[in-house]
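See below for the structure under consideration.
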Amino acid sequence: MRRLTDEMRRHWREEGYILLKGALTKDQAATYLSAADSVIERYRNHNPDVRDQKAFTIIQTVEQSPAFDSLIDHPGTFGVILDLIGPYLQVMGTQIYVRYPSDSRLSGWHTDAGPSLAQIRVEPDSPPLNFKIQYFLTDIPEENRANFCLVPRTHRVPVPEGGLPRGEDPEGAIQLCVESGDAAIFPHNLWHGVAPHFGDNVRRSVTFRYGQQWCRPYDYEKAPQELLDRMTPRQRRLMGDMGLGYTATDYFKPKDQLEVVIEDAVEELA
Ligand SMILES: O=C(O)CCC(=O)C(=O)O
């Protein structure tokens, strides 16, 4: 199982994000892409209003297809995720991003969770409150191809009163050029957005947000039982199933958390 290296930790603290090259193999990325494409086709059929949109997002990804269950604790990333956030973690939400050609930005500069978290910045050496990991399922080989954009080091910068700039890019902004199977990890407060898309393909990616277990997930107040039933004990826990004998005050520390989340992973982590 892949683990966080000293260089990744340094990059996380100082630059505010990590780009994991080859987090998924090309074959794995192709399999997730094919599952995403089926979900996207069904979604477009059921939601004709999105057919004219240049960008849309499908939430509750794991409910859309069991093919995504394995991304909850994928060996290419789960060790890194645990090393960054610690063992008291939960999946907060899962999304498929669909980005079509467009001569204007596909998402403006923002931090995640709006005003509620905009000014919350934990110390650089603290475990994060939450972060997203975005798995790129298509190549984005050059700029202005619906690239995921970010401004390094802004995880330490207060959001200006009135919000982030709407027109020009903030100083230091970059566009990530990636291959399918690469993944970007970034906290809620890193300034980010999406570039225009002057190419001719549809950029697709899947994003999982992990948060400290005491935070409120946004996909579900409680994940549907039929979803949990098909998952491994660790995946169920990560989807918010606190197990048997759980009491209200255990909400951030189920008694068997380390056993379920870490010991099950111990051989893989070794
Ligand atoms: O890269 C994308 O398509 C969207 C990224 C983004 O804006 C977000 O995750 O909030």
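Chain labels run A, B, ... following the order of the structure tokens; each chain numbers its residues from 1, and ligands are numbered from 1 in the order shown.
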
Which residues of chain A sit at most 8 Å from ligand 1, using only C-alpha atoms and all ligand atoms? Give each one's shortest atom pair and distance in Å (one decimal place), in chain and ascending residue order, as CSV.
```
residue,atom,partner,partner_atom_place_in_ligand_line,distance
A:Tyr97,CA,ligand 1,3 (O),5.4
A:Val98,CA,ligand 1,3 (O),7.1
A:Arg99,CA,ligand 1,3 (O),6.7
A:Leu106,CA,ligand 1,3 (O),7.6
A:Ser107,CA,ligand 1,7 (O),6.1
A:Gly108,CA,ligand 1,7 (O),7.7
A:Trp109,CA,ligand 1,7 (O),7.7
A:His110,CA,ligand 1,7 (O),7.1
A:Thr111,CA,ligand 1,10 (O),7.1
A:Asp112,CA,ligand 1,10 (O),5.8
A:Lys132,CA,ligand 1,9 (O),7.0
A:Gln134,CA,ligand 1,9 (O),7.3
A:Ala146,CA,ligand 1,3 (O),7.2
A:Asn147,CA,ligand 1,1 (O),6.6
A:Phe148,CA,ligand 1,1 (O),4.2
A:Cys149,CA,ligand 1,1 (O),7.2
A:His192,CA,ligand 1,7 (O),6.0
A:Gly193,CA,ligand 1,7 (O),4.6
A:Val194,CA,ligand 1,1 (O),5.4
A:Arg204,CA,ligand 1,3 (O),7.9
A:Ser205,CA,ligand 1,3 (O),7.2
A:Thr207,CA,ligand 1,9 (O),7.1
```

Those residues you just picked out, can you put them in a file as a PDB file, in the first residue's frame with N, CA and C atoms?
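Saved as part.pdb:
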```
ATOM      1  N   TYR A  97     -17.197  14.501 -11.764  1.00  0.00           N
ATOM      2  CA  TYR A  97     -17.173  15.789 -12.467  1.00  0.00           C
ATOM      3  C   TYR A  97     -17.161  15.544 -13.964  1.00  0.00           C
ATOM      4  N   VAL A  98     -18.016  16.255 -14.679  1.00  0.00           N
ATOM      5  CA  VAL A  98     -18.120  16.119 -16.140  1.00  0.00           C
ATOM      6  C   VAL A  98     -17.924  17.516 -16.730  1.00  0.00           C
ATOM      7  N   ARG A  99     -16.892  17.697 -17.562  1.00  0.00           N
ATOM      8  CA  ARG A  99     -16.514  19.027 -18.076  1.00  0.00           C
ATOM      9  C   ARG A  99     -16.395  18.981 -19.596  1.00  0.00           C
ATOM     10  N   LEU A 106     -14.638  26.814 -16.370  1.00  0.00           N
ATOM     11  CA  LEU A 106     -15.709  25.865 -16.044  1.00  0.00           C
ATOM     12  C   LEU A 106     -16.074  25.897 -14.564  1.00  0.00           C
ATOM     13  N   SER A 107     -15.247  26.524 -13.770  1.00  0.00           N
ATOM     14  CA  SER A 107     -15.628  26.815 -12.378  1.00  0.00           C
ATOM     15  C   SER A 107     -14.730  27.944 -11.893  1.00  0.00           C
ATOM     16  N   GLY A 108     -15.352  28.950 -11.284  1.00  0.00           N
ATOM     17  CA  GLY A 108     -14.587  30.098 -10.788  1.00  0.00           C
ATOM     18  C   GLY A 108     -13.748  29.727  -9.564  1.00  0.00           C
ATOM     19  N   TRP A 109     -12.878  30.654  -9.170  1.00  0.00           N
ATOM     20  CA  TRP A 109     -12.021  30.413  -8.001  1.00  0.00           C
ATOM     21  C   TRP A 109     -12.878  30.341  -6.745  1.00  0.00           C
ATOM     22  N   HIS A 110     -12.629  29.343  -5.944  1.00  0.00           N
ATOM     23  CA  HIS A 110     -13.406  29.192  -4.703  1.00  0.00           C
ATOM     24  C   HIS A 110     -12.622  28.367  -3.687  1.00  0.00           C
ATOM     25  N   THR A 111     -13.089  28.428  -2.455  1.00  0.00           N
ATOM     26  CA  THR A 111     -12.711  27.426  -1.461  1.00  0.00           C
ATOM     27  C   THR A 111     -13.965  26.583  -1.275  1.00  0.00           C
ATOM     28  N   ASP A 112     -13.830  25.416  -0.635  1.00  0.00           N
ATOM     29  CA  ASP A 112     -14.997  24.539  -0.520  1.00  0.00           C
ATOM     30  C   ASP A 112     -15.812  24.848   0.732  1.00  0.00           C
ATOM     31  N   LYS A 132     -10.262  16.807  -0.305  1.00  0.00           N
ATOM     32  CA  LYS A 132     -10.772  16.010  -1.419  1.00  0.00           C
ATOM     33  C   LYS A 132      -9.601  15.308  -2.078  1.00  0.00           C
ATOM     34  N   GLN A 134      -9.055  14.014  -5.860  1.00  0.00           N
ATOM     35  CA  GLN A 134      -9.668  13.972  -7.200  1.00  0.00           C
ATOM     36  C   GLN A 134      -8.874  13.014  -8.083  1.00  0.00           C
ATOM     37  N   ALA A 146      -9.810  22.124 -19.462  1.00  0.00           N
ATOM     38  CA  ALA A 146     -10.606  21.839 -18.257  1.00  0.00           C
ATOM     39  C   ALA A 146      -9.712  21.353 -17.121  1.00  0.00           C
ATOM     40  N   ASN A 147      -8.507  21.924 -17.055  1.00  0.00           N
ATOM     41  CA  ASN A 147      -7.572  21.520 -15.986  1.00  0.00           C
ATOM     42  C   ASN A 147      -8.106  21.910 -14.623  1.00  0.00           C
ATOM     43  N   PHE A 148      -7.797  21.089 -13.643  1.00  0.00           N
ATOM     44  CA  PHE A 148      -7.984  21.481 -12.250  1.00  0.00           C
ATOM     45  C   PHE A 148      -6.919  22.545 -11.959  1.00  0.00           C
ATOM     46  N   CYS A 149      -7.381  23.712 -11.485  1.00  0.00           N
ATOM     47  CA  CYS A 149      -6.477  24.838 -11.238  1.00  0.00           C
ATOM     48  C   CYS A 149      -6.387  25.087  -9.732  1.00  0.00           C
ATOM     49  N   HIS A 192      -9.124  27.129  -5.513  1.00  0.00           N
ATOM     50  CA  HIS A 192      -9.092  26.265  -6.694  1.00  0.00           C
ATOM     51  C   HIS A 192     -10.249  26.576  -7.642  1.00  0.00           C
ATOM     52  N   GLY A 193     -10.170  26.044  -8.850  1.00  0.00           N
ATOM     53  CA  GLY A 193     -11.197  26.267  -9.863  1.00  0.00           C
ATOM     54  C   GLY A 193     -10.912  25.377 -11.062  1.00  0.00           C
ATOM     55  N   VAL A 194     -11.591  25.639 -12.174  1.00  0.00           N
ATOM     56  CA  VAL A 194     -11.427  24.807 -13.375  1.00  0.00           C
ATOM     57  C   VAL A 194     -11.208  25.715 -14.587  1.00  0.00           C
ATOM     58  N   ARG A 204     -13.442  13.840 -17.483  1.00  0.00           N
ATOM     59  CA  ARG A 204     -14.184  13.187 -16.395  1.00  0.00           C
ATOM     60  C   ARG A 204     -13.230  12.842 -15.261  1.00  0.00           C
ATOM     61  N   SER A 205     -13.711  13.034 -14.055  1.00  0.00           N
ATOM     62  CA  SER A 205     -12.916  12.682 -12.875  1.00  0.00           C
ATOM     63  C   SER A 205     -13.882  12.295 -11.755  1.00  0.00           C
ATOM     64  N   THR A 207     -14.244  12.340  -7.450  1.00  0.00           N
ATOM     65  CA  THR A 207     -13.677  12.964  -6.257  1.00  0.00           C
ATOM     66  C   THR A 207     -14.284  12.352  -4.994  1.00  0.00           C
TER      67      THR A 207
END
```

List every residue of stretch 57-247 of chain A that DSSP, applied to the backbone of this structure, assigns to strand (DSSP E), and report them as a short mmCIF file (atom, residue, chain, number, x, y, z; two decimals) with N, CA and C atoms, in the first residue's frame.
```cif
data_model
loop_
_atom_site.label_atom_id
_atom_site.label_comp_id
_atom_site.auth_asym_id
_atom_site.auth_seq_id
_atom_site.Cartn_x
_atom_site.Cartn_y
_atom_site.Cartn_z
N THR A 57 -22.05 18.04 -12.12
CA THR A 57 -21.48 17.18 -11.07
C THR A 57 -22.56 16.20 -10.63
N ILE A 58 -22.18 14.95 -10.52
CA ILE A 58 -23.11 13.92 -10.03
C ILE A 58 -22.65 13.52 -8.64
N ILE A 59 -23.54 13.65 -7.67
CA ILE A 59 -23.13 13.34 -6.29
C ILE A 59 -23.47 11.88 -5.93
N LEU A 89 -11.49 8.94 10.53
CA LEU A 89 -11.90 9.61 9.29
C LEU A 89 -13.18 9.01 8.75
N GLN A 90 -13.82 9.75 7.88
CA GLN A 90 -15.05 9.28 7.23
C GLN A 90 -15.13 9.87 5.82
N VAL A 91 -15.80 9.15 4.94
CA VAL A 91 -16.08 9.73 3.62
C VAL A 91 -17.21 10.74 3.79
N MET A 92 -16.95 11.97 3.38
CA MET A 92 -17.95 13.03 3.54
C MET A 92 -18.86 13.14 2.30
N GLY A 93 -18.27 12.84 1.15
CA GLY A 93 -19.06 12.96 -0.08
C GLY A 93 -18.25 12.45 -1.26
N THR A 94 -18.96 12.08 -2.31
CA THR A 94 -18.30 11.52 -3.50
C THR A 94 -18.98 12.13 -4.74
N GLN A 95 -18.19 12.46 -5.73
CA GLN A 95 -18.74 13.18 -6.89
C GLN A 95 -18.07 12.74 -8.19
N ILE A 96 -18.83 12.76 -9.25
CA ILE A 96 -18.25 12.63 -10.60
C ILE A 96 -18.32 14.01 -11.24
N TYR A 97 -17.20 14.50 -11.76
CA TYR A 97 -17.17 15.79 -12.47
C TYR A 97 -17.16 15.54 -13.96
N VAL A 98 -18.02 16.25 -14.68
CA VAL A 98 -18.12 16.12 -16.14
C VAL A 98 -17.92 17.52 -16.73
N ARG A 99 -16.89 17.70 -17.56
CA ARG A 99 -16.51 19.03 -18.08
C ARG A 99 -16.40 18.98 -19.60
N SER A 107 -15.25 26.52 -13.77
CA SER A 107 -15.63 26.82 -12.38
C SER A 107 -14.73 27.94 -11.89
N GLY A 108 -15.35 28.95 -11.28
CA GLY A 108 -14.59 30.10 -10.79
C GLY A 108 -13.75 29.73 -9.56
N TRP A 109 -12.88 30.65 -9.17
CA TRP A 109 -12.02 30.41 -8.00
C TRP A 109 -12.88 30.34 -6.75
N HIS A 110 -12.63 29.34 -5.94
CA HIS A 110 -13.41 29.19 -4.70
C HIS A 110 -12.62 28.37 -3.69
N ASN A 130 -10.59 18.36 6.60
CA ASN A 130 -11.07 17.53 5.51
C ASN A 130 -10.26 17.84 4.26
N PHE A 131 -10.32 16.94 3.32
CA PHE A 131 -9.73 17.21 1.99
C PHE A 131 -10.44 16.38 0.95
N LYS A 132 -10.26 16.81 -0.30
CA LYS A 132 -10.77 16.01 -1.42
C LYS A 132 -9.60 15.31 -2.08
N ILE A 133 -9.87 14.13 -2.60
CA ILE A 133 -8.92 13.52 -3.53
C ILE A 133 -9.64 13.37 -4.86
N GLN A 134 -9.06 14.01 -5.86
CA GLN A 134 -9.67 13.97 -7.20
C GLN A 134 -8.87 13.01 -8.08
N TYR A 135 -9.55 11.95 -8.55
CA TYR A 135 -8.93 10.97 -9.45
C TYR A 135 -9.25 11.39 -10.88
N PHE A 136 -8.21 11.68 -11.65
CA PHE A 136 -8.42 12.07 -13.04
C PHE A 136 -8.56 10.79 -13.88
N PHE A 148 -7.80 21.09 -13.64
CA PHE A 148 -7.98 21.48 -12.25
C PHE A 148 -6.92 22.55 -11.96
N CYS A 149 -7.38 23.71 -11.48
CA CYS A 149 -6.48 24.84 -11.24
C CYS A 149 -6.39 25.09 -9.73
N LEU A 150 -5.25 25.54 -9.28
CA LEU A 150 -5.11 25.87 -7.86
C LEU A 150 -4.05 26.94 -7.69
N ILE A 174 -1.91 28.03 -10.94
CA ILE A 174 -1.38 27.05 -11.89
C ILE A 174 -2.51 26.13 -12.38
N GLN A 175 -2.27 25.55 -13.55
CA GLN A 175 -3.19 24.54 -14.08
C GLN A 175 -2.47 23.20 -14.03
N ALA A 183 -3.86 11.57 -9.26
CA ALA A 183 -4.86 12.09 -8.31
C ALA A 183 -4.29 13.30 -7.59
N ALA A 184 -5.15 14.28 -7.32
CA ALA A 184 -4.74 15.48 -6.57
C ALA A 184 -5.48 15.49 -5.23
N ILE A 185 -4.72 15.74 -4.16
CA ILE A 185 -5.32 15.84 -2.83
C ILE A 185 -5.20 17.30 -2.39
N PHE A 186 -6.32 17.89 -1.94
CA PHE A 186 -6.26 19.31 -1.56
C PHE A 186 -7.29 19.57 -0.46
N PRO A 187 -6.94 20.45 0.50
CA PRO A 187 -7.86 20.75 1.59
C PRO A 187 -8.93 21.75 1.17
N HIS A 192 -9.12 27.13 -5.51
CA HIS A 192 -9.09 26.26 -6.69
C HIS A 192 -10.25 26.58 -7.64
N GLY A 193 -10.17 26.04 -8.85
CA GLY A 193 -11.20 26.27 -9.86
C GLY A 193 -10.91 25.38 -11.06
N VAL A 194 -11.59 25.64 -12.17
CA VAL A 194 -11.43 24.81 -13.38
C VAL A 194 -11.21 25.72 -14.59
N ARG A 203 -13.83 16.00 -20.20
CA ARG A 203 -12.95 15.66 -19.06
C ARG A 203 -13.81 15.05 -17.95
N ARG A 204 -13.44 13.84 -17.48
CA ARG A 204 -14.18 13.19 -16.39
C ARG A 204 -13.23 12.84 -15.26
N SER A 205 -13.71 13.03 -14.06
CA SER A 205 -12.92 12.68 -12.88
C SER A 205 -13.88 12.29 -11.75
N VAL A 206 -13.34 11.63 -10.76
CA VAL A 206 -14.13 11.24 -9.59
C VAL A 206 -13.45 11.77 -8.35
N THR A 207 -14.24 12.34 -7.45
CA THR A 207 -13.68 12.96 -6.26
C THR A 207 -14.28 12.35 -4.99
N PHE A 208 -13.43 12.03 -4.06
CA PHE A 208 -13.88 11.58 -2.73
C PHE A 208 -13.41 12.62 -1.72
N ARG A 209 -14.31 13.07 -0.84
CA ARG A 209 -13.87 13.94 0.26
C ARG A 209 -13.85 13.12 1.55
N TYR A 210 -12.72 13.21 2.26
CA TYR A 210 -12.59 12.59 3.58
C TYR A 210 -12.56 13.69 4.62
N GLY A 211 -13.16 13.44 5.77
CA GLY A 211 -13.13 14.44 6.84
C GLY A 211 -12.94 13.76 8.18
N GLN A 212 -12.65 14.55 9.20
CA GLN A 212 -12.62 14.00 10.55
C GLN A 212 -14.02 13.47 10.86
#
```

For this session: Just the residues within 10 Å of A:Ser70, please, counting only C-alpha atoms, with nothing from its chain fewer than 4 positions along; format it as a list in words.
Result: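 The residues that qualify are Tyr32, Val62, Pro66, His74, Pro75, Met231, Thr232 and Gln235 of chain A.
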
Could you make a table, as JSON lines, of the residues of stretch 66-104 of chain A that have an atom within 7 Å of an atom of stretch 1-25 of chain A, each with its nearest atom pair and distance in Å to one decimal, counting only C-alpha atoms, in chain and number order?
```
{"residue": "A:Pro75", "atom": "CA", "partner": "A:Met1", "partner_atom": "CA", "distance": 4.9}
{"residue": "A:Gly76", "atom": "CA", "partner": "A:Ala23", "partner_atom": "CA", "distance": 5.0}
{"residue": "A:Thr77", "atom": "CA", "partner": "A:Arg2", "partner_atom": "CA", "distance": 6.2}
{"residue": "A:Gly79", "atom": "CA", "partner": "A:Arg3", "partner_atom": "CA", "distance": 4.7}
{"residue": "A:Val80", "atom": "CA", "partner": "A:Leu4", "partner_atom": "CA", "distance": 4.6}
{"residue": "A:Asp83", "atom": "CA", "partner": "A:Leu4", "partner_atom": "CA", "distance": 6.0}
```

I need the residues from that last selection saved to file as a PDB file, in the first residue's frame (with C-alpha atoms), if you can.
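again08.pdb written:
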```pdb
ATOM      1  CA  PRO A  75      -4.382   0.636  -2.055  1.00  0.00           C
ATOM      2  CA  GLY A  76      -2.939   3.305  -4.362  1.00  0.00           C
ATOM      3  CA  THR A  77      -4.095   6.098  -2.051  1.00  0.00           C
ATOM      4  CA  GLY A  79      -2.212   4.713   3.085  1.00  0.00           C
ATOM      5  CA  VAL A  80      -1.489   8.307   2.050  1.00  0.00           C
ATOM      6  CA  ASP A  83      -1.135   9.216   7.072  1.00  0.00           C
TER       7      ASP A  83
END
```

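Between A:Lys26 and the residues A:Asn47, A:Asn201, A:Ser102, A:Ser180, the shortest atom-to-atom distance, using only C-alpha atoms, involves A:Ser180.
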
Problem set entry | Sel. of helix (DSSP H, G or I) residues, stretch 17-187 of chain A, as a PyMOL selection string | chain A and resi 26-46+48-52+61-64+66-71+78-85+114-117+154-156

May I have the residues from that selection written out with N, CA and C atoms, as a short mmCIF file (atom, residue, chain, number, x, y, z; two decimals), in the first residue's frame?
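Written out: out_10.cif:
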```
data_model
loop_
_atom_site.label_atom_id
_atom_site.label_comp_id
_atom_site.auth_asym_id
_atom_site.auth_seq_id
_atom_site.Cartn_x
_atom_site.Cartn_y
_atom_site.Cartn_z
N LYS A 26 -3.26 2.49 -15.25
CA LYS A 26 -4.05 2.90 -16.43
C LYS A 26 -5.28 2.00 -16.59
N ASP A 27 -5.10 0.70 -16.31
CA ASP A 27 -6.24 -0.22 -16.43
C ASP A 27 -7.32 0.11 -15.41
N GLN A 28 -6.89 0.38 -14.17
CA GLN A 28 -7.89 0.74 -13.15
C GLN A 28 -8.62 2.01 -13.55
N ALA A 29 -7.85 3.01 -14.02
CA ALA A 29 -8.49 4.27 -14.42
C ALA A 29 -9.50 4.02 -15.54
N ALA A 30 -9.14 3.14 -16.48
CA ALA A 30 -10.06 2.85 -17.60
C ALA A 30 -11.33 2.16 -17.10
N THR A 31 -11.18 1.31 -16.09
CA THR A 31 -12.36 0.62 -15.55
C THR A 31 -13.27 1.61 -14.83
N TYR A 32 -12.68 2.51 -14.03
CA TYR A 32 -13.51 3.53 -13.35
C TYR A 32 -14.14 4.48 -14.38
N LEU A 33 -13.40 4.77 -15.44
CA LEU A 33 -13.95 5.67 -16.47
C LEU A 33 -15.18 5.02 -17.14
N SER A 34 -15.07 3.75 -17.40
CA SER A 34 -16.20 3.08 -18.05
C SER A 34 -17.41 3.08 -17.11
N ALA A 35 -17.18 2.85 -15.81
CA ALA A 35 -18.29 2.92 -14.85
C ALA A 35 -18.86 4.34 -14.80
N ALA A 36 -17.97 5.34 -14.80
CA ALA A 36 -18.43 6.74 -14.76
C ALA A 36 -19.26 7.05 -16.00
N ASP A 37 -18.83 6.55 -17.15
CA ASP A 37 -19.56 6.84 -18.39
C ASP A 37 -20.98 6.27 -18.36
N SER A 38 -21.13 5.08 -17.78
CA SER A 38 -22.49 4.51 -17.67
C SER A 38 -23.34 5.38 -16.76
N VAL A 39 -22.75 5.82 -15.65
CA VAL A 39 -23.50 6.67 -14.72
C VAL A 39 -23.88 7.99 -15.39
N ILE A 40 -22.93 8.56 -16.14
CA ILE A 40 -23.16 9.85 -16.79
C ILE A 40 -24.29 9.72 -17.83
N GLU A 41 -24.25 8.64 -18.59
CA GLU A 41 -25.29 8.45 -19.62
C GLU A 41 -26.68 8.36 -18.96
N ARG A 42 -26.75 7.57 -17.89
CA ARG A 42 -28.04 7.42 -17.20
C ARG A 42 -28.49 8.75 -16.63
N TYR A 43 -27.54 9.49 -16.06
CA TYR A 43 -27.86 10.78 -15.43
C TYR A 43 -28.38 11.77 -16.48
N ARG A 44 -27.72 11.78 -17.63
CA ARG A 44 -28.17 12.71 -18.70
C ARG A 44 -29.56 12.32 -19.21
N ASN A 45 -29.85 11.02 -19.24
CA ASN A 45 -31.18 10.59 -19.67
C ASN A 45 -32.26 11.01 -18.67
N HIS A 46 -31.91 10.93 -17.39
CA HIS A 46 -32.91 11.28 -16.36
C HIS A 46 -32.99 12.77 -16.07
N PRO A 48 -32.65 15.84 -18.35
CA PRO A 48 -32.40 16.46 -19.66
C PRO A 48 -31.86 17.87 -19.55
N ASP A 49 -32.15 18.57 -18.44
CA ASP A 49 -31.67 19.96 -18.30
C ASP A 49 -30.14 20.04 -18.29
N VAL A 50 -29.44 18.96 -17.89
CA VAL A 50 -27.97 19.08 -17.86
C VAL A 50 -27.36 18.92 -19.26
N ARG A 51 -28.16 18.47 -20.22
CA ARG A 51 -27.57 18.17 -21.53
C ARG A 51 -27.01 19.41 -22.20
N ASP A 52 -27.56 20.59 -21.84
CA ASP A 52 -27.04 21.83 -22.45
C ASP A 52 -25.92 22.44 -21.61
N THR A 61 -21.67 9.24 -5.60
CA THR A 61 -21.10 8.37 -6.64
C THR A 61 -21.17 6.89 -6.28
N VAL A 62 -20.89 6.55 -5.01
CA VAL A 62 -20.87 5.12 -4.69
C VAL A 62 -22.26 4.51 -4.80
N GLU A 63 -23.29 5.34 -4.69
CA GLU A 63 -24.64 4.81 -4.84
C GLU A 63 -24.98 4.59 -6.32
N GLN A 64 -24.26 5.32 -7.19
CA GLN A 64 -24.55 5.24 -8.63
C GLN A 64 -24.07 3.92 -9.22
N PRO A 66 -21.68 0.14 -7.92
CA PRO A 66 -20.77 -0.52 -6.96
C PRO A 66 -19.32 -0.51 -7.45
N ALA A 67 -19.12 -0.18 -8.72
CA ALA A 67 -17.75 -0.15 -9.25
C ALA A 67 -16.87 0.83 -8.49
N PHE A 68 -17.48 1.81 -7.80
CA PHE A 68 -16.67 2.83 -7.11
C PHE A 68 -16.36 2.48 -5.66
N ASP A 69 -16.95 1.39 -5.13
CA ASP A 69 -16.69 1.03 -3.73
C ASP A 69 -15.19 0.93 -3.45
N SER A 70 -14.46 0.36 -4.40
CA SER A 70 -13.04 0.11 -4.16
C SER A 70 -12.22 1.39 -4.08
N LEU A 71 -12.79 2.51 -4.50
CA LEU A 71 -12.05 3.78 -4.35
C LEU A 71 -12.10 4.30 -2.92
N PHE A 78 -5.00 4.88 -0.11
CA PHE A 78 -5.56 4.89 1.25
C PHE A 78 -4.48 5.07 2.33
N GLY A 79 -3.29 4.51 2.11
CA GLY A 79 -2.21 4.71 3.09
C GLY A 79 -1.85 6.19 3.20
N VAL A 80 -1.80 6.87 2.06
CA VAL A 80 -1.49 8.31 2.05
C VAL A 80 -2.60 9.09 2.78
N ILE A 81 -3.84 8.71 2.51
CA ILE A 81 -5.00 9.38 3.13
C ILE A 81 -4.94 9.22 4.65
N LEU A 82 -4.68 7.99 5.11
CA LEU A 82 -4.60 7.73 6.56
C LEU A 82 -3.45 8.51 7.19
N ASP A 83 -2.30 8.51 6.51
CA ASP A 83 -1.14 9.22 7.07
C ASP A 83 -1.41 10.71 7.19
N LEU A 84 -2.21 11.23 6.29
CA LEU A 84 -2.49 12.68 6.32
C LEU A 84 -3.54 13.04 7.38
N ILE A 85 -4.63 12.30 7.42
CA ILE A 85 -5.79 12.77 8.20
C ILE A 85 -5.94 12.03 9.53
N GLY A 114 -18.23 26.99 1.09
CA GLY A 114 -18.77 28.35 1.20
C GLY A 114 -18.31 29.06 2.46
N PRO A 115 -19.16 29.99 2.93
CA PRO A 115 -18.72 30.85 4.03
C PRO A 115 -18.46 30.09 5.33
N SER A 116 -19.05 28.89 5.46
CA SER A 116 -18.91 28.21 6.77
C SER A 116 -17.48 27.81 7.06
N LEU A 117 -16.73 27.47 6.02
CA LEU A 117 -15.34 27.04 6.26
C LEU A 117 -14.31 27.99 5.65
N THR A 154 -2.10 28.98 -0.90
CA THR A 154 -3.25 29.76 -0.43
C THR A 154 -4.00 29.07 0.72
N HIS A 155 -3.59 27.84 1.07
CA HIS A 155 -4.22 27.19 2.23
C HIS A 155 -3.90 27.97 3.51
N ARG A 156 -2.94 28.89 3.42
CA ARG A 156 -2.61 29.69 4.60
C ARG A 156 -3.08 31.14 4.46
#
```

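The space between atom CA of A:Pro170 and atom CA of A:Asp182 spans 24.7 Å.
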
Problem set entry | Shell around A:Val151 at 6 Å using only C-alpha atoms, local window under 6 positions removed, as JSON, numbers by chain | {"A": [172, 173, 191]}

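Among the candidates A:Arg153, A:Arg105, A:Lys54, A:Arg236, the one nearest to A:Arg166 when counting only C-alpha atoms is A:Arg105.
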
For this session: Would you mind reading off the distance between atom CA of A:Leu129 and atom CA of A:Glu259, one decimal, in Å?
Result: 22.0 Å

For this session: May I have the residues within 12 Å of A:Asp241 as a list in words, using only C-alpha atoms and disregarding those fewer than 5 positions away in the same chain?
Result: Leu89, Gln90, Val91, Gln213, Tyr220, Glu221, Lys222, Ala223, Pro224, Gln225, Leu227, Leu228, Asp229, Met231, Thr232, Pro233, Arg234, Gln235, Arg236, Tyr246, Asp250, Tyr251, Phe252, Pro254, Asp256, Gln257 and Val260 of chain A
